[in-house]
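Undergrad: The structure follows.
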Amino acid sequence: MTPELKGYLLVATLKTVAGFGVLFLMIAFVTWMERRVAAWIQNRIGPNRVGPFGLFQPLADGLKNFVKEELLPGQADRLLFILAPAFAFIPSLLLFAVIPWASPLPVAFDRSFWPFGRFVFDGSVTMIVADLPIGFLFVLAMSSLSVYGIVFAGWSSGNKYSLLGGLRSSAQMVSYEIAMGMSLIAVLLVAGNVRLTALVTAQQESAWFIFPLTVSFVLFAIAALAENNRLPFDLPEAEGELVGGYHTEYSSMRFAIFFLAEYGAMITMSALMATFFFGGWDIPFTSWDQGEPSVLKTLLTLGAFMAKTFFFIFAYIWIRWTLPRFRFDQLMSLGWKVLLPVSIVYIMLIATAVWAFTSLGMTFGRPYVFALFGVNVVLLAALMWGLDRNRVVWGQRLRREGRA
Amino acid sequence: MAIRVTVVKRPEREISYLRATLKGMAITFRHLLQKKFTMQYPEQTSEPGWTLAPRWRGTHRMLTDEQGRAKCVACGLCPQICPANCIKLIPGEDEHGHRYPLIYEIDEFRCVFCGYCQEVCPEEAIHVGVHYENSEYERERFVYDLERLCAQTHPVSTLWDPSDPKGE
């Protein structure tokens, strides 16, 4: 191996380890944050005993889970029962691999490490584990894979409540997966690329995609809640009716891995929302962060990315402690009768608008994006009016009362 | 058997889920910033305006007379009425014919804290207490004997009075 190849491999390894290490730390932090925010919303204090502000609570929880007994129900399908947590956990981790989390970091070294020999690297490292050219398709593929973990868990537990939870989750995830994919097609239409780093660049050149694609963001946010089984769409676990749903029979670390999977998926979904619609690691109102890479720029853009991600995580938690759970038929009708048609119509309208702007001779840039924003304001107002008049969500027509 | 489906009539007009959702989010956010009501228990055991209810039923206490003897006359009513069967009473009698408990033990683990023993006691001897700190290092320590019951000093419960249901 040449020193350059070794240097490249070393950097790639360190980057991967750092990326997933940060993700694990974030998962731990988010479990703490969920409990604290939940407590604050209920006028309580929340975990504050272990470490400063209770920040080490996740470590204590993890330790507790490690020493607890692993129960394997007698009627369980052994193999699937043991594999299911991994099936749930791995896709949510893999998703994080394609998300760029900061501006490139300049790295240069030429050193020897015994007994591996000389390592040489000189250049800027993109702060992304895998800059896949199909990043976007990878996101859709992996986010739908996580349903297998839940379905396997429900099936293999040999328990009717778990099975119901698994069934619900498969129905729910399949329906919302479609709406989610459809809402992202609009992003493709505007950006013209599926690589996530290219999406970030496109947003830096014009404006954050929340402006030209507001409706798309609304659809994506709702579908993301459903994808992650978060309230108000947490029917697969539904403590009240299914006593925990798919993870009823799980205990100890296997149960904890389902939890990690849920929070990991929540973090990646928040990061994806930040990347698709809020400029990824872009710092607003300045183009300074796009210039020559430097360590300071990497740190600040990482901070911007984290701030955006944590805002969405907070929103997830906030929504969880505000809204009650949907009934299953409401969930299904929202997915199939509202989100899907709205997203299809939206794709057609955006495609038409893109075509019209291009034929008018506009090229991709600020004016183009803000012209699309104008279209979106109108569409969003129409959508909200529809939702607000209780006509779309319930499928009821005001015509019946002779009002429309 | 046919399945009966009840169709609930829900409000259809003048209802906005969107506005209700936003309102709910505003309410929860306001609660996020409000004062917290948690009492930091082991460090802080009380705060102004905070008391246990006078009807609180906690671990037992046996009242004593002026000479420091238990008021109990070993009539046997409390083990009789106890639904959890947690009171052990062996009566004795002195040379004047006064009955007293030779052994009086309450297993606080079996006790369901219903307060019937206090209600049934003709001598107002056994009481449930307004008290909640009961930790011990051994299970055996939760069988309170007569000496221990007499040594308790916490206030006793007033129980619920049907003629004064709100305790006024």
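Residues in the structure tokens are numbered from 1 in each chain, the chains being A, B, ... in the order shown, and ligands are numbered from 1 in the order shown.
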Counting only C-alpha atoms, collect the residues of chain A whose closest atom lies at most 6 Å from chain B, and write them out as JSON, numbers by chain.
TA: {"A": [40, 41, 43, 44, 322, 388]}
Undergrad: Can you pull out the residues contacting region 41-58 of chain B? Cut-off 12 Å, using only C-alpha atoms, and skip same-chain residues under 4 positions away; I want them as a VMD selection string.
TA: (chain A and resid 49) or (chain B and resid 37 108 to 109 111 to 119 127 to 134 152 154 to 161 165 to 168)
Undergrad: May I ask which of the residues A:Lys297, A:Arg111, A:Arg230, A:His247 is the closest one to Asn159 (chain A), counting only C-alpha atoms?
TA: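 Once distances to Asn159 (chain A) are computed over only C-alpha atoms, the minimum belongs to A:His247.
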Undergrad: Could you state the separation of CA of Ile128 (chain A) and CA of Ala102 (chain A) in Å, given to one decimal place?
TA: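 CA of Ala102 (chain A) lies at a distance of 7.8 Å from CA of Ile128 (chain A).
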Undergrad: Excluding same-chain residues fewer than 6 positions from Leu5 (chain A), what lies within 10 Å of it counting only C-alpha atoms, as a list of chain:residue names?
TA: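 Everything that qualifies: A:Val11, A:Phe119, A:Val120, A:Phe121.
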Undergrad: With only C-alpha atoms as the counted atoms, please give the residues lying no more than 12 Å from Thr309 (chain A), apart from itself and same-chain residues fewer than 2 positions off, as a PyMOL selection string.
TA: chain A and resi 23+26+30+99+101+266-281+302-307+311-316
Undergrad: Contacts of region 76-82 of chain B at 7 Å or less, counting only C-alpha atoms, minus same-chain residues fewer than 3 places along, as number ranges by chain?
TA: B: 85-89, 116-117, 120-121
Undergrad: As a PyMOL selection string, please: every residue in region 24-143 of chain B that DSSP puts in helix (DSSP H, G or I).
TA: chain B and resi 24-33+77-81+116-120+139-142
Undergrad: I'd like the contact shell of Ile283 (chain A) - 9 Å cut-off, only C-alpha atoms, skipping same-chain residues fewer than 5 positions apart - returned as a ChimeraX atom specification.
TA: /A:204,288-289,300-301,304-305
Undergrad: What gap, in Å, lies between CA of Pro3 (chain A) and CA of Thr197 (chain A)?
TA: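 Separation between CA of Pro3 (chain A) and CA of Thr197 (chain A): 27.9 Å.
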Undergrad: What is the CA of Ala171 (chain A)-CA of Met332 (chain A) distance in Å, reported with one decimal?
TA: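 Computed distance, CA of Ala171 (chain A) to CA of Met332 (chain A), equals 8.3 Å.
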Undergrad: Need the shell around Met182 (chain A): protein/DNA/RNA residues with any atom at most 8 Å away, counting only C-alpha atoms. Skip same-chain ones fewer than 2 positions apart. Format as a PyMOL selection string?
TA: chain A and resi 178-180+184-186+340+343-344+347
Undergrad: Can you write out the residues you just picked, keeping N, CA and C atoms, as a PDB file, in the first residue's frame?
TA:
ATOM      1  N   ILE A 178     -44.747   6.179   1.215  1.00  0.00           N
ATOM      2  CA  ILE A 178     -45.074   6.675  -0.119  1.00  0.00           C
ATOM      3  C   ILE A 178     -45.205   8.194  -0.098  1.00  0.00           C
ATOM      4  N   ALA A 179     -45.951   8.693   0.894  1.00  0.00           N
ATOM      5  CA  ALA A 179     -46.124  10.145   0.978  1.00  0.00           C
ATOM      6  C   ALA A 179     -44.777  10.835   1.155  1.00  0.00           C
ATOM      7  N   MET A 180     -43.909  10.199   1.930  1.00  0.00           N
ATOM      8  CA  MET A 180     -42.603  10.783   2.194  1.00  0.00           C
ATOM      9  C   MET A 180     -41.771  10.840   0.911  1.00  0.00           C
ATOM     10  N   LEU A 184     -40.485  14.191  -1.322  1.00  0.00           N
ATOM     11  CA  LEU A 184     -39.087  14.479  -1.627  1.00  0.00           C
ATOM     12  C   LEU A 184     -38.839  14.605  -3.124  1.00  0.00           C
ATOM     13  N   ILE A 185     -39.756  14.067  -3.949  1.00  0.00           N
ATOM     14  CA  ILE A 185     -39.562  14.193  -5.397  1.00  0.00           C
ATOM     15  C   ILE A 185     -39.539  15.671  -5.791  1.00  0.00           C
ATOM     16  N   ALA A 186     -40.337  16.480  -5.094  1.00  0.00           N
ATOM     17  CA  ALA A 186     -40.325  17.911  -5.381  1.00  0.00           C
ATOM     18  C   ALA A 186     -38.933  18.499  -5.157  1.00  0.00           C
ATOM     19  N   LEU A 340     -51.042  11.592   0.418  1.00  0.00           N
ATOM     20  CA  LEU A 340     -50.657  11.069  -0.890  1.00  0.00           C
ATOM     21  C   LEU A 340     -51.213  11.915  -2.028  1.00  0.00           C
ATOM     22  N   SER A 343     -49.521  15.282  -2.107  1.00  0.00           N
ATOM     23  CA  SER A 343     -48.143  15.282  -2.598  1.00  0.00           C
ATOM     24  C   SER A 343     -48.099  15.055  -4.105  1.00  0.00           C
ATOM     25  N   ILE A 344     -49.001  14.226  -4.635  1.00  0.00           N
ATOM     26  CA  ILE A 344     -48.992  14.006  -6.087  1.00  0.00           C
ATOM     27  C   ILE A 344     -49.371  15.290  -6.812  1.00  0.00           C
ATOM     28  N   ILE A 347     -46.506  17.673  -6.675  1.00  0.00           N
ATOM     29  CA  ILE A 347     -45.425  17.380  -7.633  1.00  0.00           C
ATOM     30  C   ILE A 347     -45.796  17.919  -9.012  1.00  0.00           C
TER      31      ILE A 347
END
